[in-house]
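See below for entry21.cif, which holds mmCIF, C-alpha atoms.
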```cif
data_protein
#
loop_
_atom_site.label_atom_id
_atom_site.label_comp_id
_atom_site.auth_asym_id
_atom_site.auth_seq_id
_atom_site.Cartn_x
_atom_site.Cartn_y
_atom_site.Cartn_z
CA MET H 1 0.00 0.00 0.00
CA SER H 2 1.09 3.56 -0.73
CA ILE H 3 0.54 6.98 0.74
CA ALA H 4 -0.57 9.46 -1.93
CA HIS H 5 -0.14 13.07 -0.82
CA LYS H 6 -1.49 15.84 -3.08
CA LEU H 7 0.29 19.19 -3.45
CA SER H 8 -0.60 22.45 -5.18
CA GLY H 9 2.04 22.75 -7.89
CA ILE H 10 5.70 23.68 -7.58
CA ALA H 11 4.89 26.23 -4.86
CA GLY H 12 3.35 23.51 -2.71
CA LEU H 13 6.36 21.27 -3.28
CA GLN H 14 8.73 24.06 -2.31
CA GLU H 15 6.78 24.59 0.93
CA TYR H 16 7.11 20.89 1.68
CA PHE H 17 10.88 21.02 1.21
CA LYS H 18 11.10 24.13 3.38
CA ARG H 19 9.30 22.26 6.15
CA LEU H 20 11.70 19.33 5.93
CA LEU H 21 14.64 21.72 6.42
CA ASP H 22 13.04 23.93 9.09
CA ASP H 23 11.90 20.92 11.13
CA LYS H 24 15.39 19.37 10.86
CA ILE H 25 13.94 16.24 9.26
CA VAL H 26 16.72 16.63 6.70
CA ASP H 27 19.86 18.76 6.88
CA GLU H 28 20.45 19.22 3.15
CA ILE H 29 18.53 18.87 -0.10
CA LEU H 30 20.14 18.29 -3.49
CA ILE H 31 17.72 19.68 -6.07
CA PRO H 32 17.77 21.61 -9.39
CA LYS H 33 17.74 25.37 -8.80
CA LEU H 34 17.82 28.33 -11.17
CA ASN H 35 21.39 29.61 -11.52
CA GLY H 36 22.51 33.18 -10.91
CA ALA H 37 22.38 34.06 -14.60
CA GLY H 38 18.79 32.86 -14.84
CA ASP H 39 19.49 30.77 -17.95
CA ASN H 40 19.81 27.24 -16.56
CA TYR H 41 18.89 24.98 -13.67
CA VAL H 42 21.69 23.07 -11.94
CA GLN H 43 21.73 20.60 -9.06
CA THR H 44 22.29 22.66 -5.92
CA LEU H 45 23.03 21.52 -2.37
CA ILE H 46 20.71 23.51 -0.12
CA SER H 47 20.97 23.69 3.67
CA SER H 48 18.77 26.76 4.34
CA SER H 49 15.04 26.85 3.62
CA ASP H 50 15.51 30.43 2.40
CA MET H 51 17.27 28.98 -0.66
CA ILE H 52 14.37 26.76 -1.76
CA ALA H 53 12.95 29.53 -3.95
CA ASP H 54 13.56 28.97 -7.68
CA THR H 55 13.96 25.21 -7.26
CA ASN H 56 12.18 22.87 -9.66
CA PRO H 57 13.00 19.15 -9.88
CA PHE H 58 10.98 18.70 -13.08
CA VAL H 59 12.97 20.99 -15.37
CA PRO H 60 13.79 19.04 -18.57
CA VAL H 61 17.57 19.25 -18.44
CA ILE H 62 20.45 17.26 -16.90
CA PRO H 63 23.65 19.35 -16.92
CA VAL H 64 25.43 16.79 -14.71
CA GLN H 65 24.28 13.27 -13.84
CA THR H 66 23.18 13.30 -10.19
CA GLY H 67 24.75 9.87 -9.71
CA ARG H 68 28.15 11.51 -10.08
CA ILE H 69 27.26 14.17 -7.51
CA ALA H 70 25.92 11.56 -5.09
CA LYS H 71 29.31 9.81 -5.15
CA ASN H 72 31.05 12.96 -3.97
CA LEU H 73 28.44 13.79 -1.32
CA THR H 74 28.12 10.36 0.26
CA PHE H 75 31.36 8.44 -0.34
CA THR H 76 32.48 9.50 3.14
CA ASN H 77 29.61 9.74 5.62
CA SER H 78 29.25 13.35 6.77
CA GLY H 79 26.55 12.47 9.28
CA LYS H 80 24.18 14.91 7.55
CA LYS H 81 20.69 13.75 6.60
CA LEU H 82 20.59 14.33 2.85
CA LEU H 83 17.58 14.36 0.55
CA ILE H 84 18.44 13.77 -3.13
CA VAL H 85 15.78 14.73 -5.69
CA CYS H 86 16.46 13.37 -9.16
CA LYS H 87 15.12 11.89 -12.38
CA PRO H 88 14.58 8.14 -13.01
CA CYS H 89 17.84 7.52 -14.92
CA GLU H 90 19.74 9.36 -12.18
CA ILE H 91 18.23 7.34 -9.36
CA LYS H 92 18.97 4.15 -11.33
CA ALA H 93 22.62 5.23 -11.46
CA ILE H 94 22.60 5.79 -7.69
CA VAL H 95 21.15 2.31 -7.16
CA GLU H 96 23.93 0.77 -9.25
CA LEU H 97 26.66 2.80 -7.56
CA SER H 98 25.42 1.79 -4.12
CA LYS H 99 25.96 -1.85 -5.08
CA PHE H 100 29.60 -1.08 -5.88
CA LYS H 101 30.09 0.82 -2.58
CA GLN H 102 30.49 4.12 -4.43
CA VAL H 103 27.41 5.71 -2.83
CA ASN H 104 26.60 5.44 0.88
CA LEU H 105 22.84 5.68 1.44
CA GLU H 106 22.93 5.37 5.23
CA ASN H 107 21.69 8.94 5.85
CA VAL H 108 20.15 9.56 2.44
CA TYR H 109 16.53 9.97 1.37
CA LEU H 110 15.86 9.41 -2.34
CA PHE H 111 13.04 11.23 -4.10
CA ALA H 112 12.43 10.33 -7.76
CA VAL H 113 10.48 12.62 -10.08
CA ASP H 114 8.42 11.81 -13.16
CA CYS H 115 10.27 12.62 -16.38
CA SER H 116 8.95 13.19 -19.88
CA GLY H 117 12.39 13.76 -21.40
CA THR H 118 15.20 16.30 -21.31
CA TYR H 119 16.80 18.73 -23.76
CA GLU H 120 20.46 19.38 -24.41
CA VAL H 121 21.70 22.18 -22.16
CA SER H 122 22.04 24.72 -24.99
CA ASP H 123 18.51 24.01 -26.23
CA PHE H 124 17.11 24.23 -22.72
CA GLN H 125 18.79 27.60 -22.18
CA ASN H 126 17.18 28.86 -25.37
CA ILE H 127 13.76 27.62 -24.23
CA LEU H 128 14.13 29.03 -20.72
CA ILE H 129 15.10 32.48 -22.00
CA ASN H 130 12.54 32.72 -24.79
CA ASN H 131 9.66 30.51 -23.63
CA LYS H 132 9.63 30.52 -19.83
CA GLU H 133 5.87 29.87 -19.82
CA TYR H 134 6.54 26.41 -21.24
CA ILE H 135 8.84 25.60 -18.30
CA ASP H 136 6.45 27.13 -15.76
CA ASN H 137 3.60 24.93 -17.03
CA TYR H 138 5.72 21.88 -17.73
CA THR H 139 4.07 19.39 -15.37
CA SER H 140 0.51 20.21 -16.45
CA LYS H 141 1.52 20.01 -20.13
CA TYR H 142 2.71 16.42 -19.80
CA ALA H 143 0.34 15.14 -17.08
CA ALA H 144 -1.74 13.21 -19.64
CA GLY H 145 1.33 11.44 -21.05
CA ASP H 146 1.49 13.09 -24.49
CA LEU H 147 5.27 13.42 -24.51
CA LYS H 148 5.92 15.67 -27.48
CA PRO H 149 8.82 18.11 -27.17
CA LEU H 150 8.38 21.81 -27.71
CA GLU H 151 7.94 22.74 -31.38
CA ASP H 152 11.26 23.22 -33.23
CA PHE H 153 13.13 21.32 -30.49
CA SER H 154 13.86 17.67 -29.73
CA PHE H 155 14.35 15.72 -26.55
CA ARG H 156 17.74 14.06 -26.25
CA LYS H 157 17.77 10.80 -28.23
CA SER H 158 18.33 8.72 -25.11
CA CYS H 159 15.17 10.26 -23.61
CA SER H 160 13.08 9.54 -26.72
CA ILE H 161 13.75 5.81 -26.25
CA CYS H 162 13.73 5.75 -22.43
CA THR H 163 11.30 3.19 -21.01
CA THR H 164 11.46 4.48 -17.45
CA PRO H 165 9.33 7.65 -17.34
CA ALA H 166 8.77 7.00 -13.63
CA VAL H 167 10.09 4.68 -10.93
CA ASP H 168 8.27 2.99 -8.07
CA ASN H 169 8.81 3.05 -4.33
CA SER H 170 11.12 0.04 -4.37
CA VAL H 171 14.10 2.29 -5.16
CA ALA H 172 12.88 5.63 -3.78
CA ASP H 173 11.65 6.82 -0.41
CA ALA H 174 9.05 8.75 -2.36
CA VAL H 175 8.07 9.60 -5.93
CA ILE H 176 7.05 13.12 -6.91
CA GLY H 177 4.72 12.77 -9.85
CA TYR H 178 2.58 14.65 -12.33
CA TYR H 179 1.40 11.80 -14.57
CA GLY H 180 -2.35 11.55 -14.04
CA ALA H 181 -2.63 14.83 -12.13
CA SER H 182 -5.18 17.57 -12.81
CA GLY H 183 -4.20 21.18 -13.42
CA ASP H 184 -0.99 22.07 -11.63
CA GLU H 185 -1.38 19.53 -8.83
CA LEU H 186 1.43 17.13 -7.94
CA PHE H 187 1.59 13.83 -6.08
CA ILE H 188 4.06 12.65 -3.49
CA ILE H 189 3.73 8.88 -3.40
CA ALA H 190 5.47 6.87 -0.70
CA SER H 191 5.23 3.38 0.69
CA LYS H 192 3.67 2.84 4.12
CA ASP H 193 7.12 2.06 5.54
CA SER H 194 8.86 5.09 4.00
CA LYS H 195 11.26 6.89 6.31
CA LEU H 196 9.37 10.12 5.56
CA LYS H 197 5.82 8.82 5.90
CA GLU H 198 5.20 11.03 8.96
CA THR H 199 5.66 14.12 6.78
CA LEU H 200 2.92 13.08 4.35
CA GLU H 201 -0.85 13.07 4.55
CA ASP H 202 -2.67 10.28 2.74
CA ASN H 203 -5.33 11.98 0.62
CA GLY H 204 -6.77 8.66 -0.54
CA LEU H 205 -6.06 9.42 -4.19
CA ASP H 206 -6.99 6.92 -6.89
CA LEU H 207 -3.74 6.29 -8.77
CA ASN H 208 -5.22 4.05 -11.48
CA LYS H 209 -5.26 6.91 -14.01
CA ARG H 210 -1.61 7.65 -13.27
CA ASN H 211 -0.59 4.00 -13.58
CA ASN H 212 -2.38 3.63 -16.94
CA ILE H 213 -0.66 6.72 -18.32
CA ILE H 214 2.77 5.41 -17.25
CA LYS H 215 1.95 2.05 -18.82
CA ASN H 216 0.97 3.68 -22.13
CA VAL H 217 4.06 5.91 -22.19
CA THR H 218 6.29 2.92 -21.49
CA GLU H 219 4.72 0.88 -24.28
CA GLN H 220 5.10 3.71 -26.80
CA ARG H 221 8.70 4.34 -25.84
CA SER H 222 9.48 0.59 -25.94
CA LYS H 223 8.21 0.36 -29.51
CA GLN H 224 10.23 3.38 -30.59
CA ARG H 225 13.27 2.06 -28.76
CA GLU H 226 13.16 -1.27 -30.56
CA GLU H 227 12.80 0.40 -33.96
CA ILE H 228 15.74 2.74 -33.39
CA LEU H 229 18.00 0.10 -31.88
CA SER H 230 17.15 -2.42 -34.60
CA ASP H 231 18.17 0.01 -37.33
CA PHE H 232 21.28 0.99 -35.40
CA ARG H 233 22.38 -2.62 -34.92
CA GLU H 234 22.23 -3.16 -38.67
CA GLU H 235 24.54 -0.19 -39.18
CA THR H 236 27.03 -1.40 -36.58
CA SER H 237 26.92 -5.15 -37.12
CA SER H 238 30.58 -5.24 -38.15
CA LEU H 239 33.88 -3.83 -36.96
CA GLU H 240 33.84 -1.50 -39.94
CA GLY H 241 30.44 -0.21 -38.84
CA LEU H 242 31.74 0.58 -35.37
CA GLN H 243 34.76 2.29 -36.84
CA ARG H 244 32.47 4.54 -38.87
CA ILE H 245 30.49 5.48 -35.75
CA PHE H 246 33.65 6.45 -33.87
CA SER H 247 35.53 7.88 -36.86
CA THR H 248 35.49 11.43 -35.46
CA CYS H 249 36.49 10.43 -31.93
CA ILE H 250 39.37 12.54 -30.59
CA ARG H 251 39.73 10.44 -27.43
CA CYS H 252 38.97 13.41 -25.18
CA HIS H 253 37.44 11.04 -22.59
CA ASN H 254 34.44 13.37 -22.12
CA CYS H 255 32.03 10.43 -22.40
CA MET H 256 33.89 8.61 -19.66
CA VAL H 257 33.95 11.65 -17.37
CA ALA H 258 30.21 12.30 -17.85
CA CYS H 259 29.25 8.67 -17.19
CA PRO H 260 27.98 8.11 -13.63
CA ILE H 261 28.80 4.41 -13.67
CA CYS H 262 32.42 4.81 -14.80
CA TYR H 263 33.87 5.28 -11.31
CA CYS H 264 37.42 3.90 -11.36
CA LYS H 265 39.82 6.22 -9.55
CA GLU H 266 42.61 5.11 -11.87
CA CYS H 267 41.78 4.46 -15.52
CA VAL H 268 44.04 2.37 -17.72
CA PHE H 269 43.54 4.89 -20.55
CA ARG H 270 44.92 7.63 -18.33
CA SER H 271 47.88 5.62 -17.18
CA PRO H 272 51.41 4.97 -18.51
CA THR H 273 50.02 1.85 -20.21
CA PHE H 274 48.89 4.06 -23.09
CA ASP H 275 51.73 6.58 -22.95
CA HIS H 276 53.45 4.94 -25.91
CA SER H 277 56.99 5.91 -26.78
CA ALA H 278 57.89 7.42 -30.13
CA ASP H 279 59.82 4.28 -31.05
CA MET H 280 56.77 2.09 -30.45
CA LEU H 281 54.50 4.34 -32.46
CA THR H 282 57.00 4.44 -35.31
CA THR H 283 57.31 0.64 -35.29
CA TRP H 284 53.52 0.23 -35.50
CA ALA H 285 53.31 2.78 -38.29
CA GLU H 286 56.01 0.98 -40.26
CA ARG H 287 54.35 -2.39 -39.69
CA LYS H 288 50.93 -1.17 -40.90
CA GLY H 289 52.12 1.40 -43.39
CA GLY H 290 50.30 4.09 -41.41
CA LEU H 291 48.97 4.68 -37.91
CA ARG H 292 46.01 6.87 -36.97
CA MET H 293 46.79 9.45 -34.31
CA LEU H 294 45.58 9.47 -31.62
CA GLU H 295 45.75 5.71 -31.57
CA ASN H 296 43.50 3.25 -29.72
CA THR H 297 40.30 5.29 -30.07
CA LEU H 298 38.16 2.25 -30.90
CA MET H 299 39.86 0.19 -28.18
CA PHE H 300 38.92 2.89 -25.67
CA HIS H 301 35.23 2.58 -26.49
CA LEU H 302 35.26 -1.23 -26.69
CA THR H 303 36.96 -1.42 -23.30
CA ARG H 304 34.35 0.89 -21.79
CA LEU H 305 31.59 -1.22 -23.33
CA ASN H 306 33.14 -4.30 -21.79
CA HIS H 307 33.29 -2.65 -18.37
CA MET H 308 30.02 -0.74 -18.37
CA SER H 309 27.38 -2.54 -20.43
CA SER H 310 25.95 -4.67 -17.61
CA SER H 311 25.36 -1.58 -15.44
CA CYS H 312 24.58 1.09 -18.07
CA VAL H 313 21.39 2.98 -17.15
CA ALA H 314 21.05 4.65 -20.59
CA CYS H 315 21.04 8.20 -19.27
CA GLY H 316 22.69 9.42 -22.48
CA LEU H 317 25.05 11.91 -20.83
CA CYS H 318 27.94 10.33 -22.75
CA SER H 319 26.47 11.54 -26.05
CA SER H 320 25.71 14.97 -24.60
CA ALA H 321 29.34 15.31 -23.54
CA CYS H 322 30.81 14.44 -26.95
CA PRO H 323 32.21 17.51 -28.76
CA ASN H 324 31.76 15.80 -32.13
CA ASP H 325 28.18 14.57 -31.60
CA ILE H 326 29.08 10.88 -31.76
CA ASP H 327 26.07 8.74 -30.87
CA VAL H 328 27.89 7.07 -27.98
CA SER H 329 24.72 6.54 -25.97
CA THR H 330 22.95 4.51 -28.64
CA VAL H 331 26.00 2.24 -28.95
CA PHE H 332 26.00 1.66 -25.20
CA THR H 333 22.22 1.27 -24.98
CA SER H 334 22.20 -1.23 -27.83
CA VAL H 335 24.97 -3.36 -26.32
CA ALA H 336 23.65 -2.95 -22.76
CA ASP H 337 20.19 -4.16 -23.78
CA ASN H 338 21.64 -7.36 -25.22
CA VAL H 339 24.01 -7.94 -22.32
CA GLN H 340 21.46 -7.24 -19.58
CA ASN H 341 18.78 -9.36 -21.31
CA MET H 342 21.25 -12.22 -21.63
CA LEU H 343 22.23 -11.94 -17.97
CA GLN H 344 18.63 -11.38 -16.84
CA TYR H 345 19.59 -8.14 -15.14
CA ASN H 346 18.02 -4.67 -15.30
CA ALA H 347 20.50 -2.05 -14.16
CA GLY H 348 19.18 0.23 -11.44
CA LYS H 349 15.77 -1.42 -11.15
CA SER H 350 16.24 -2.91 -7.70
CA PHE H 351 18.62 -2.75 -4.76
CA ASP H 352 18.25 -6.51 -4.35
CA ASP H 353 19.50 -7.61 -7.79
CA VAL H 354 23.18 -8.52 -7.67
CA PRO H 355 25.31 -6.99 -10.48
CA PRO H 356 26.56 -9.64 -12.93
CA VAL H 357 30.18 -8.49 -12.56
CA SER H 358 30.13 -9.26 -8.83
CA THR H 359 28.57 -12.69 -8.91
CA PHE H 360 28.90 -15.96 -10.83
CA ARG H 361 26.15 -18.15 -12.22
CA GLU H 362 27.35 -21.30 -13.94
CA ASN H 363 24.77 -21.15 -16.75
CA GLU H 364 24.47 -17.39 -17.17
CA LEU H 365 25.87 -17.36 -20.71
CA ILE H 366 23.85 -20.31 -21.98
CA VAL H 367 21.14 -19.00 -24.30
CA GLU H 368 17.92 -20.99 -24.33
CA ALA H 369 17.12 -22.76 -27.59
CA GLY H 370 14.76 -20.79 -29.79
CA THR H 371 15.72 -17.37 -28.44
CA ASN H 372 17.79 -14.76 -30.21
CA GLU H 373 19.09 -12.94 -27.15
#
```

How does the structure come out when it is put into structure tokens?
Amino acid sequence: MSIAHKLSGIAGLQEYFKRLLDDKIVDEILIPKLNGAGDNYVQTLISSSDMIADTNPFVPVIPVQTGRIAKNLTFTNSGKKLLIVCKPCEIKAIVELSKFKQVNLENVYLFAVDCSGTYEVSDFQNILINNKEYIDNYTSKYAAGDLKPLEDFSFRKSCSICTTPAVDNSVADAVIGYYGASGDELFIIASKDSKLKETLEDNGLDLNKRNNIIKNVTEQRSKQREEILSDFREETSSLEGLQRIFSTCIRCHNCMVACPICYCKECVFRSPTFDHSADMLTTWAERKGGLRMLENTLMFHLTRLNHMSSSCVACGLCSSACPNDIDVSTVFTSVADNVQNMLQYNAGKSFDDVPPVSTFRENELIVEAGTNE
């Protein structure tokens, strides 16, 4: 059973967060807040209720994956009670990182918000400056589940094929939702055993409408996802196809830095292992007749795929970080889908599922007859 608490729009949500801080129920809240320039929202660590103004967890932009921020805030336990408010792909990253002891959730409350999709940062800035009304009415616009982006703009590709528009209470202390709401109202939905249940009033809301909308959105996105990934797999079914995808890679490592799951403190690609001497490079060039510089660009991506595919949450921040617009995210999503289906694992879906890289099942790579996974 769930508690369903109704709020009056963003203002009501802000009042709720103020109360959590003023009553010392939490010490800090990590939430998107309008920046000083007024042209973007960024995750902000707030300790004073006076700073809650201009916060909005639903804004359709992810400048930095919250999973990365959560690592820094919780890796060593500060003793502070922290509330993290984030989107579904971000909370999935936090779930995965907690399994690898990269995030400590001992004093953390997780609030997940409904998400219809996000824009690239530059597009979002344009929208915020020139069409603020769209952002102000965002939740009511998408409450019925018609997830069309603003005219002349597109959601990030990873969002257009995301099949997790909302999460349930199994991975969050509460869900802040607008799917199925009327007007500017919002829901806070928590389980009966939530750590914050005493702060919520059960309004006895019927959530069937909300659940049907989420189901329909998921089905539509799943169909679109399969179509896009099927076409993409045909294009990259060979080594030559992969080489074409990554032909403009300059090995800047931006995709690796933006990825919340790529958490190694020391990376082999930033170590002396790949600081090749001039003699070695010359030898390889002579052997092949020519050597692309920088070398090992494809190996970099294949190694990351090998490391990350079983825990990839398809947030798409790798593509957003690429200076040459390489479709890194679709490569990872395509491979991750196959790997996770084969291993019967859904990254970030549950705290109880053990990551494939940290356990061994004797028959995990045996594909059942008649399947094509």

>> Under the rule that all atoms listed in the file are counted, which of H:Asn296, H:Thr74, H:Ser2, H:Thr164 is the nearest residue to Ser98 (chain H)?
In response: H:Thr74

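Here the PyMOL selection byres ((chain H and resi 77-94) around 6) captures the residues Val26, Asp27, Glu28, Ile29, Leu30, Ile31, Thr66, Gly67, Thr74, Thr76, Val95, Glu96, Leu97, Asn107, Val108, Tyr109, Leu110, Phe111, Ala112, Val113, Ala166, Cys315 and Gly348 of chain H.
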
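Interatomic distance, CA of Cys115 (chain H) against CA of Met256 (chain H): 24.2 Å.
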
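Taking CA of Thr55 (chain H) as the reference point, CA of Asn211 (chain H) is found at 26.5 Å.
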
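Using all atoms listed in the file, the shortest contact distance between Ala321 (chain H) and any of H:Ser8, H:Pro63, H:Ile52, H:Asp337 is found at H:Pro63.
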
>> Can you spell out as a ChimeraX atom specification the set of residues that the PyMOL selection byres ((chain H and resi 340) around 12) selects in the structure I just provided?
In response: /H:308-314,332-339,341-349,353,355-357,364-365,373

For the residues in the current selection, export C-alpha atoms as a JSON list (two decimals), in the frame of the given file.
```
[["chain", "number", "residue", "atom", "x", "y", "z"],
["H", 308, "MET", "CA", 30.02, -0.74, -18.37],
["H", 309, "SER", "CA", 27.38, -2.54, -20.43],
["H", 310, "SER", "CA", 25.95, -4.67, -17.61],
["H", 311, "SER", "CA", 25.36, -1.58, -15.44],
["H", 312, "CYS", "CA", 24.58, 1.09, -18.07],
["H", 313, "VAL", "CA", 21.39, 2.98, -17.15],
["H", 314, "ALA", "CA", 21.05, 4.65, -20.59],
["H", 332, "PHE", "CA", 26.00, 1.66, -25.20],
["H", 333, "THR", "CA", 22.22, 1.27, -24.98],
["H", 334, "SER", "CA", 22.20, -1.23, -27.83],
["H", 335, "VAL", "CA", 24.97, -3.36, -26.32],
["H", 336, "ALA", "CA", 23.65, -2.95, -22.76],
["H", 337, "ASP", "CA", 20.19, -4.16, -23.78],
["H", 338, "ASN", "CA", 21.64, -7.36, -25.22],
["H", 339, "VAL", "CA", 24.01, -7.94, -22.32],
["H", 341, "ASN", "CA", 18.78, -9.36, -21.31],
["H", 342, "MET", "CA", 21.25, -12.22, -21.63],
["H", 343, "LEU", "CA", 22.23, -11.94, -17.97],
["H", 344, "GLN", "CA", 18.63, -11.38, -16.84],
["H", 345, "TYR", "CA", 19.59, -8.14, -15.14],
["H", 346, "ASN", "CA", 18.02, -4.67, -15.30],
["H", 347, "ALA", "CA", 20.50, -2.05, -14.16],
["H", 348, "GLY", "CA", 19.18, 0.23, -11.44],
["H", 349, "LYS", "CA", 15.77, -1.42, -11.15],
["H", 353, "ASP", "CA", 19.50, -7.61, -7.79],
["H", 355, "PRO", "CA", 25.31, -6.99, -10.48],
["H", 356, "PRO", "CA", 26.56, -9.64, -12.93],
["H", 357, "VAL", "CA", 30.18, -8.49, -12.56],
["H", 364, "GLU", "CA", 24.47, -17.39, -17.17],
["H", 365, "LEU", "CA", 25.87, -17.36, -20.71],
["H", 373, "GLU", "CA", 19.09, -12.94, -27.15]]
```

> So what do you get for CA of Leu186 (chain H) versus CA of Asn137 (chain H), distance-wise?
Replying inline: 12.2 Å

> Can you list, as a PyMOL selection string, the residues that the PyMOL selection byres ((chain H and resi 142-145) around 6) selects here?
Replying inline: chain H and resi 139-141+146-147+178-181+213

>> Neighbouring residues of Leu242 (chain H) were defined as those with any atom within 12 Å, considering only C-alpha atoms; residues of the same chain fewer than 4 positions away were excluded. Please report them as a ChimeraX atom specification.
In response: /H:232-238,246-249,297-299,301-302,326-328,330-332,335

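Within the 12 Å cut-off around Val257 (chain H), using only C-alpha atoms and omitting residues fewer than 5 positions from it on the same chain, the listed residues are Val64, Gln65, Arg68, Arg251, Cys252, Cys262, Tyr263, Cys264, Lys265, Cys267, Arg270, Arg304, Leu317, Cys318, Ser319, Ser320, Ala321 and Cys322 of chain H.
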
Write out the residues from the selection above, keeping C-alpha atoms, as a PDB file, in the coordinates of the input.
```pdb
ATOM      1  CA  VAL H  64      25.430  16.790 -14.710  1.00  0.00           C
ATOM      2  CA  GLN H  65      24.280  13.270 -13.840  1.00  0.00           C
ATOM      3  CA  ARG H  68      28.150  11.510 -10.080  1.00  0.00           C
ATOM      4  CA  ARG H 251      39.730  10.440 -27.430  1.00  0.00           C
ATOM      5  CA  CYS H 252      38.970  13.410 -25.180  1.00  0.00           C
ATOM      6  CA  CYS H 262      32.420   4.810 -14.800  1.00  0.00           C
ATOM      7  CA  TYR H 263      33.870   5.280 -11.310  1.00  0.00           C
ATOM      8  CA  CYS H 264      37.420   3.900 -11.360  1.00  0.00           C
ATOM      9  CA  LYS H 265      39.820   6.220  -9.550  1.00  0.00           C
ATOM     10  CA  CYS H 267      41.780   4.460 -15.520  1.00  0.00           C
ATOM     11  CA  ARG H 270      44.920   7.630 -18.330  1.00  0.00           C
ATOM     12  CA  ARG H 304      34.350   0.890 -21.790  1.00  0.00           C
ATOM     13  CA  LEU H 317      25.050  11.910 -20.830  1.00  0.00           C
ATOM     14  CA  CYS H 318      27.940  10.330 -22.750  1.00  0.00           C
ATOM     15  CA  SER H 319      26.470  11.540 -26.050  1.00  0.00           C
ATOM     16  CA  SER H 320      25.710  14.970 -24.600  1.00  0.00           C
ATOM     17  CA  ALA H 321      29.340  15.310 -23.540  1.00  0.00           C
ATOM     18  CA  CYS H 322      30.810  14.440 -26.950  1.00  0.00           C
TER      19      CYS H 322
END
```

>> Please list as a ChimeraX atom specification every residue within 8 Å of Pro165 (chain H), counting all atoms listed in the file and excluding residues in the same chain fewer than 3 positions away.
In response: /H:88,114-117,162,214,217-218

> Taking into account all atoms listed in the file, which residue in the set H:Glu15, H:Asp123, H:Asp184, H:Asp168 is nearest to Tyr138 (chain H)?
Replying inline: H:Asp184

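Take the candidates H:Glu362, H:Ser277, H:Ile129, H:Ile69 and check each one against Ile261 (chain H) using only C-alpha atoms; the shortest distance goes to H:Ile69.
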
>> Given all atoms listed in the file as the basis, pick out the residue of H:Asn306, H:Ser49, H:Asn72, H:Ser329 nearest to Val103 (chain H).
In response: H:Asn72

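Distance check against Asp152 (chain H) using only C-alpha atoms: of H:Leu291, H:Leu45, H:Val268, H:Ile127, the minimum falls on H:Ile127.
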
Go through region 1-23 of chain H and flag each residue having an atom no more than 8 Å from region 191-208 of chain H; for those, report the closest pair of atoms plus their distance in Å to one decimal, using all atoms listed in the file, ordered by chain and rising number, as a tab-separated table.
```
residue	atom	partner	partner_atom	distance
H:Met1	CA	H:Lys192	CA	6.2
H:Ser2	CA	H:Ser191	CA	4.4
H:Ile3	CA	H:Asp202	CA	5.0
H:Ala4	CA	H:Asp202	CA	5.2
H:His5	CA	H:Asp202	CA	5.2
H:Lys6	CA	H:Asn203	CA	6.6
```

Write the residues you've just listed into a file as a PDB file, in the frame of the given file, and include C-alpha atoms for each of them.
```
ATOM      1  CA  MET H   1       0.000   0.000   0.000  1.00  0.00           C
ATOM      2  CA  SER H   2       1.090   3.560  -0.730  1.00  0.00           C
ATOM      3  CA  ILE H   3       0.540   6.980   0.740  1.00  0.00           C
ATOM      4  CA  ALA H   4      -0.570   9.460  -1.930  1.00  0.00           C
ATOM      5  CA  HIS H   5      -0.140  13.070  -0.820  1.00  0.00           C
ATOM      6  CA  LYS H   6      -1.490  15.840  -3.080  1.00  0.00           C
TER       7      LYS H   6
END
```
